[in-house]
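Everything below concerns the one structure shown next.
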There are 4 protein chains.
Amino acid sequence: MPEQVHRLPVRVYYEDTDFSGRVYHASYLRFFERGRTEWLRSFGLQHDRLAQREGAAFAIRKLQVEFFLGATIDDLLEIVTRLQELRGPTLTFQQSVIRAETTITSAIVDVVTIRNERAVRPPRELLAALARIRGQ
Amino acid sequence: MPEQVHRLPVRVYYEDTDFSGRVYHASYLRFFERGRTEWLRSFGLQHDRLAQREGAAFAIRKLQVEFFLGATIDDLLEIVTRLQELRGPTLTFQQSVIRAETTITSAIVDVVTIRNERAVRPPRELLAALARIRGQ
Amino acid sequence: MPEQVHRLPVRVYYEDTDFSGRVYHASYLRFFERGRTEWLRSFGLQHDRLAQREGAAFAIRKLQVEFFLGATIDDLLEIVTRLQELRGPTLTFQQSVIRAETTITSAIVDVVTIRNERAVRPPRELLAALARIRGQ
Amino acid sequence: MPEQVHRLPVRVYYEDTDFSGRVYHASYLRFFERGRTEWLRSFGLQHDRLAQREGAAFAIRKLQVEFFLGATIDDLLEIVTRLQELRGPTLTFQQSVIRAETTITSAIVDVVTIRNERAVRPPRELLAALARIRGQ
């Protein structure tokens, strides 16, 4: 698997917090999804074009998330995204939210590629890009 | 215009609040949208079928919102929805959020009907339903 | 453990959907949280009073979610919530999203009780309520 | 009033879109709020420190939003924020969402400063920063 690690800075805004004064737990899933989207964009790919050119979209199949600490408003976080495994239609990501070198939250996310309502092999453009990295 | 007023109870959850301890201002727009959707459903209409049968969808054109008081977690609110005016493609709604008979937030919302990317007359089924009420 | 199962109807609105035409994956976490909040309320407890009376709040420690099918706008879902285990400060919930008797999504959620920034035994009022059920 | 205009790039993600394939209308309010927060940060101020040092928070009093076009997933937007007026406790902002030099959405937002549940003059640090700009 490509050892490439993608890092995305994310600022915490009002919208991400809740009544407890901390970041709402589901907001981390939005941050992780931004991380995977920017990981994809780092290969020159993006959702709208994949939908148009290959009729392909992504769907989450499984999530395992652990919450260690709470982020708060105005925090500057880093979303770390690494493709851990590629097997059949499933991309397994290892992701984490880091604040000042401390892990706040970590996740394993299984994503499948969908075409015509069925799980299929990932988009050719993505497979080609991953092969190029592996070959390096 | 039909004098019918639609009332929808809405409970405030964690997801609706922010760091200030109160409801996040954009959450009220989600509540108003639920109110308009249930107003529509009270006529037997819903978004998925309108999209399939008439190729019609709704888009917001203009919002004017005033915030008088802040709701907090566990509050039970009432979303009040009234069609104020129907002119060409535009439905103008007068909406408010009520807690224990006090107005928390009020809004005027202009919604247009969209078909093939163009603003068109509201769906026939809705016009027919509105005409029936007016005739009563 | 109390065998009580809590069921909460939830309607899918515009706010819950995304570009794929289906419910956004993080929206299910909001639905699950509404389910746990209403499970709590079924014992006469609610977040604001627990915060005031016991200085207690809840935080998610771990989530495991599986997504089997996609819900769409206007769907009427049922959120099923069951307390699976209570061990030290941790409440483990088994939850699912049901549409017309089919499971759309299921989750195991570990929640801890927090007081003064530390994980503590669940609120006394909740333990008392759970003991009453067990005794029945 | 300071003629300073603040510009914040914002990428559209899955979380921002809805079933219509476009950006959900309330998502623009989240974008505007990010813009005002970064405008504030451009003066060296941020929400958590204002809350701690001055017991001050901001609340929205009034919103007027017009929606001209719809943004879609993967769009790169620019949030433009300008303080239009400062009168008593009220900061009036003129904001817009721009895509490739076209205005998608524009808003007038009245924000008040709150201390001990009452509307008060804006934080001293902000007034001082605004006076410095005006003096330039």
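Residues in the structure tokens are numbered from 1 in each chain, the chains being A, B, ... in the order shown, and ligands are numbered from 1 in the order shown.
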Enumerate the residues of chain B with a DSSP assignment of helix (DSSP H, G or I), computed from the backbone, and present them as a PyMOL selection string.
chain B and resi 14-16+25-41+47-54+124-135
Using only N, CA, C and O atoms, please write the residues we just selected to a file, as a short mmCIF file (atom, residue, chain, number, x, y, z; two decimals), in the first residue's frame.
```cif
data_model
loop_
_atom_site.label_atom_id
_atom_site.label_comp_id
_atom_site.auth_asym_id
_atom_site.auth_seq_id
_atom_site.Cartn_x
_atom_site.Cartn_y
_atom_site.Cartn_z
N TYR B 14 -28.64 17.83 21.26
CA TYR B 14 -27.22 18.20 21.23
C TYR B 14 -26.80 18.80 19.89
O TYR B 14 -26.14 19.83 19.82
N GLU B 15 -27.16 18.13 18.80
CA GLU B 15 -26.77 18.53 17.44
C GLU B 15 -27.16 19.95 17.08
O GLU B 15 -26.57 20.54 16.16
N ASP B 16 -28.18 20.49 17.76
CA ASP B 16 -28.72 21.81 17.42
C ASP B 16 -28.03 22.94 18.17
O ASP B 16 -28.23 24.10 17.84
N HIS B 25 -27.48 29.42 15.42
CA HIS B 25 -28.45 30.19 14.65
C HIS B 25 -28.91 29.48 13.38
O HIS B 25 -30.08 29.56 13.01
N ALA B 26 -28.00 28.75 12.70
CA ALA B 26 -28.40 28.09 11.46
C ALA B 26 -29.32 26.89 11.72
O ALA B 26 -30.03 26.44 10.81
N SER B 27 -29.35 26.39 12.96
CA SER B 27 -30.26 25.27 13.27
C SER B 27 -31.73 25.69 13.10
O SER B 27 -32.57 24.87 12.74
N TYR B 28 -32.01 26.97 13.38
CA TYR B 28 -33.39 27.43 13.20
C TYR B 28 -33.83 27.31 11.75
O TYR B 28 -34.99 27.07 11.47
N LEU B 29 -32.89 27.47 10.81
CA LEU B 29 -33.25 27.33 9.39
C LEU B 29 -33.62 25.89 9.07
O LEU B 29 -34.49 25.62 8.25
N ARG B 30 -32.92 24.95 9.72
CA ARG B 30 -33.28 23.53 9.57
C ARG B 30 -34.69 23.30 10.14
O ARG B 30 -35.50 22.59 9.54
N PHE B 31 -34.99 23.91 11.28
CA PHE B 31 -36.33 23.75 11.86
C PHE B 31 -37.40 24.34 10.93
O PHE B 31 -38.46 23.74 10.73
N PHE B 32 -37.12 25.51 10.37
CA PHE B 32 -38.09 26.13 9.45
C PHE B 32 -38.31 25.23 8.22
O PHE B 32 -39.43 25.09 7.75
N GLU B 33 -37.23 24.64 7.74
CA GLU B 33 -37.35 23.78 6.56
C GLU B 33 -38.20 22.54 6.89
O GLU B 33 -39.00 22.09 6.07
N ARG B 34 -38.01 21.99 8.10
CA ARG B 34 -38.87 20.86 8.51
C ARG B 34 -40.33 21.31 8.55
O ARG B 34 -41.22 20.56 8.14
N GLY B 35 -40.56 22.52 9.03
CA GLY B 35 -41.93 23.04 9.09
C GLY B 35 -42.55 23.15 7.71
O GLY B 35 -43.70 22.75 7.49
N ARG B 36 -41.79 23.67 6.73
CA ARG B 36 -42.34 23.81 5.37
C ARG B 36 -42.58 22.43 4.75
O ARG B 36 -43.56 22.22 4.03
N THR B 37 -41.68 21.49 5.03
CA THR B 37 -41.84 20.13 4.49
C THR B 37 -43.10 19.47 5.05
O THR B 37 -43.85 18.80 4.33
N GLU B 38 -43.36 19.65 6.35
CA GLU B 38 -44.55 19.04 6.95
C GLU B 38 -45.82 19.79 6.54
O GLU B 38 -46.89 19.18 6.44
N TRP B 39 -45.70 21.10 6.30
CA TRP B 39 -46.81 21.87 5.71
C TRP B 39 -47.18 21.24 4.37
O TRP B 39 -48.34 20.99 4.08
N LEU B 40 -46.17 20.95 3.54
CA LEU B 40 -46.37 20.33 2.23
C LEU B 40 -47.01 18.95 2.39
O LEU B 40 -47.95 18.59 1.68
N ARG B 41 -46.49 18.19 3.36
CA ARG B 41 -47.02 16.84 3.57
C ARG B 41 -48.48 16.88 4.04
O ARG B 41 -49.24 15.95 3.76
N HIS B 47 -41.37 15.73 -1.17
CA HIS B 47 -40.29 16.10 -2.09
C HIS B 47 -39.94 15.00 -3.09
O HIS B 47 -39.77 15.27 -4.28
N ASP B 48 -39.81 13.75 -2.63
CA ASP B 48 -39.34 12.71 -3.54
C ASP B 48 -40.35 12.48 -4.68
O ASP B 48 -39.97 12.36 -5.84
N ARG B 49 -41.65 12.48 -4.33
CA ARG B 49 -42.66 12.24 -5.38
C ARG B 49 -42.78 13.42 -6.33
O ARG B 49 -42.97 13.25 -7.53
N LEU B 50 -42.68 14.65 -5.80
CA LEU B 50 -42.72 15.83 -6.69
C LEU B 50 -41.56 15.79 -7.68
O LEU B 50 -41.70 16.16 -8.84
N ALA B 51 -40.40 15.35 -7.20
CA ALA B 51 -39.23 15.26 -8.08
C ALA B 51 -39.47 14.22 -9.17
O ALA B 51 -39.19 14.46 -10.35
N GLN B 52 -40.05 13.07 -8.78
CA GLN B 52 -40.28 12.01 -9.76
C GLN B 52 -41.41 12.34 -10.72
O GLN B 52 -41.30 12.16 -11.93
N ARG B 53 -42.55 12.81 -10.18
CA ARG B 53 -43.74 12.98 -11.00
C ARG B 53 -43.75 14.26 -11.80
O ARG B 53 -44.30 14.32 -12.89
N GLU B 54 -43.17 15.34 -11.25
CA GLU B 54 -43.25 16.64 -11.95
C GLU B 54 -41.87 17.21 -12.25
O GLU B 54 -41.76 18.32 -12.77
N ARG B 124 -48.56 21.46 -9.90
CA ARG B 124 -50.01 21.44 -10.07
C ARG B 124 -50.73 20.86 -8.87
O ARG B 124 -51.76 21.37 -8.44
N GLU B 125 -50.16 19.79 -8.32
CA GLU B 125 -50.81 19.16 -7.16
C GLU B 125 -50.92 20.12 -5.99
O GLU B 125 -51.89 20.09 -5.25
N LEU B 126 -49.91 20.98 -5.83
CA LEU B 126 -49.94 21.93 -4.72
C LEU B 126 -50.98 23.03 -5.00
O LEU B 126 -51.76 23.41 -4.13
N LEU B 127 -50.98 23.52 -6.25
CA LEU B 127 -51.95 24.56 -6.61
C LEU B 127 -53.37 24.05 -6.42
O LEU B 127 -54.24 24.77 -5.91
N ALA B 128 -53.60 22.81 -6.82
CA ALA B 128 -54.94 22.21 -6.68
C ALA B 128 -55.33 22.13 -5.20
O ALA B 128 -56.45 22.47 -4.82
N ALA B 129 -54.38 21.71 -4.37
CA ALA B 129 -54.66 21.58 -2.93
C ALA B 129 -54.96 22.95 -2.32
O ALA B 129 -55.89 23.09 -1.51
N LEU B 130 -54.18 23.96 -2.73
CA LEU B 130 -54.40 25.30 -2.19
C LEU B 130 -55.76 25.85 -2.64
O LEU B 130 -56.46 26.52 -1.87
N ALA B 131 -56.14 25.55 -3.89
CA ALA B 131 -57.43 26.02 -4.40
C ALA B 131 -58.57 25.40 -3.61
O ALA B 131 -59.57 26.05 -3.29
N ARG B 132 -58.43 24.11 -3.27
CA ARG B 132 -59.47 23.42 -2.48
C ARG B 132 -59.67 24.11 -1.12
O ARG B 132 -60.79 24.33 -0.69
N ILE B 133 -58.56 24.48 -0.47
CA ILE B 133 -58.66 25.13 0.83
C ILE B 133 -59.34 26.49 0.70
O ILE B 133 -60.24 26.85 1.46
N ARG B 134 -58.90 27.23 -0.32
CA ARG B 134 -59.46 28.56 -0.52
C ARG B 134 -60.96 28.49 -0.76
O ARG B 134 -61.71 29.36 -0.36
N GLY B 135 -61.37 27.40 -1.44
CA GLY B 135 -62.78 27.25 -1.78
C GLY B 135 -63.66 26.89 -0.59
O GLY B 135 -64.87 27.01 -0.65
#
```
Name the residues in contact with Leu69 (chain D) at a cut-off of 9 Å, using only C-alpha atoms, excluding same-chain residues fewer than 6 positions from it; report them as a PDB file with C-alpha atoms, in the first residue's frame.
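Resulting contents of out_12.pdb:
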```
ATOM      1  CA  THR D 102     -19.932  35.649  -9.580  1.00  0.00           C
ATOM      2  CA  THR D 103     -22.024  36.328  -6.477  1.00  0.00           C
ATOM      3  CA  ILE D 104     -23.845  33.163  -5.397  1.00  0.00           C
ATOM      4  CA  THR D 105     -25.375  34.456  -2.174  1.00  0.00           C
TER       5      THR D 105
END
```
Would you write out, as a Markdown table, a table of all residues in chain B that have an atom no more than 6 Å from an atom of chain D, listing for each the closest atom pair and the distance in Å to one decimal, considering only C-alpha atoms and ordering rows by chain and rising residue number?
```
| residue | atom | partner | partner_atom | distance |
| --- | --- | --- | --- | --- |
| B:Ala26 | CA | D:Ala26 | CA | 5.9 |
| B:Arg61 | CA | D:Phe67 | CA | 4.9 |
| B:Lys62 | CA | D:Glu66 | CA | 4.5 |
| B:Leu63 | CA | D:Val65 | CA | 5.1 |
| B:Gln64 | CA | D:Gln64 | CA | 4.5 |
| B:Val65 | CA | D:Leu63 | CA | 5.1 |
| B:Glu66 | CA | D:Lys62 | CA | 4.5 |
| B:Phe67 | CA | D:Arg61 | CA | 4.9 |
```
Next, write the just-selected residues to a file, as a tab-separated table (two decimals), in the first residue's frame, keeping N, CA and C atoms as the atom set.
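Below is the file that was written, again.tsv:
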```tsv
chain	number	residue	atom	x	y	z
B	26	ALA	N	-28.00	28.75	12.70
B	26	ALA	CA	-28.40	28.09	11.46
B	26	ALA	C	-29.32	26.89	11.72
B	61	ARG	N	-35.03	31.51	-2.19
B	61	ARG	CA	-34.57	32.71	-2.90
B	61	ARG	C	-34.17	33.82	-1.92
B	62	LYS	N	-34.91	33.89	-0.81
B	62	LYS	CA	-34.70	35.01	0.10
B	62	LYS	C	-35.12	34.61	1.50
B	63	LEU	N	-34.36	35.04	2.47
B	63	LEU	CA	-34.64	34.76	3.88
B	63	LEU	C	-34.52	36.06	4.66
B	64	GLN	N	-35.48	36.31	5.54
B	64	GLN	CA	-35.32	37.39	6.51
B	64	GLN	C	-35.65	36.79	7.87
B	65	VAL	N	-34.68	36.75	8.75
B	65	VAL	CA	-34.88	36.09	10.03
B	65	VAL	C	-34.54	37.05	11.16
B	66	GLU	N	-35.39	37.06	12.18
B	66	GLU	CA	-35.09	37.82	13.40
B	66	GLU	C	-35.02	36.87	14.58
B	67	PHE	N	-34.00	37.08	15.43
B	67	PHE	CA	-33.77	36.21	16.57
B	67	PHE	C	-34.02	37.03	17.85
```
So the first atom is CA of Val5 (chain B) and the second is CA of Thr92 (chain B); what is the distance between them in Å, to one decimal place?
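CA of Val5 (chain B) sits 13.6 Å away from CA of Thr92 (chain B).
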Record the distance separating CA of Gly44 (chain D) and CA of Asp74 (chain A), expressed in Å with one decimal.
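CA of Gly44 (chain D) sits 12.0 Å away from CA of Asp74 (chain A).
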Determine the nearest neighbour of Arg82 (chain A) from the options A:Glu117, A:Val97, A:His6, A:Pro122, counting only C-alpha atoms.
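Of A:Glu117, A:Val97, A:His6, A:Pro122, the one nearest Arg82 (chain A), counting only C-alpha atoms, is A:His6.
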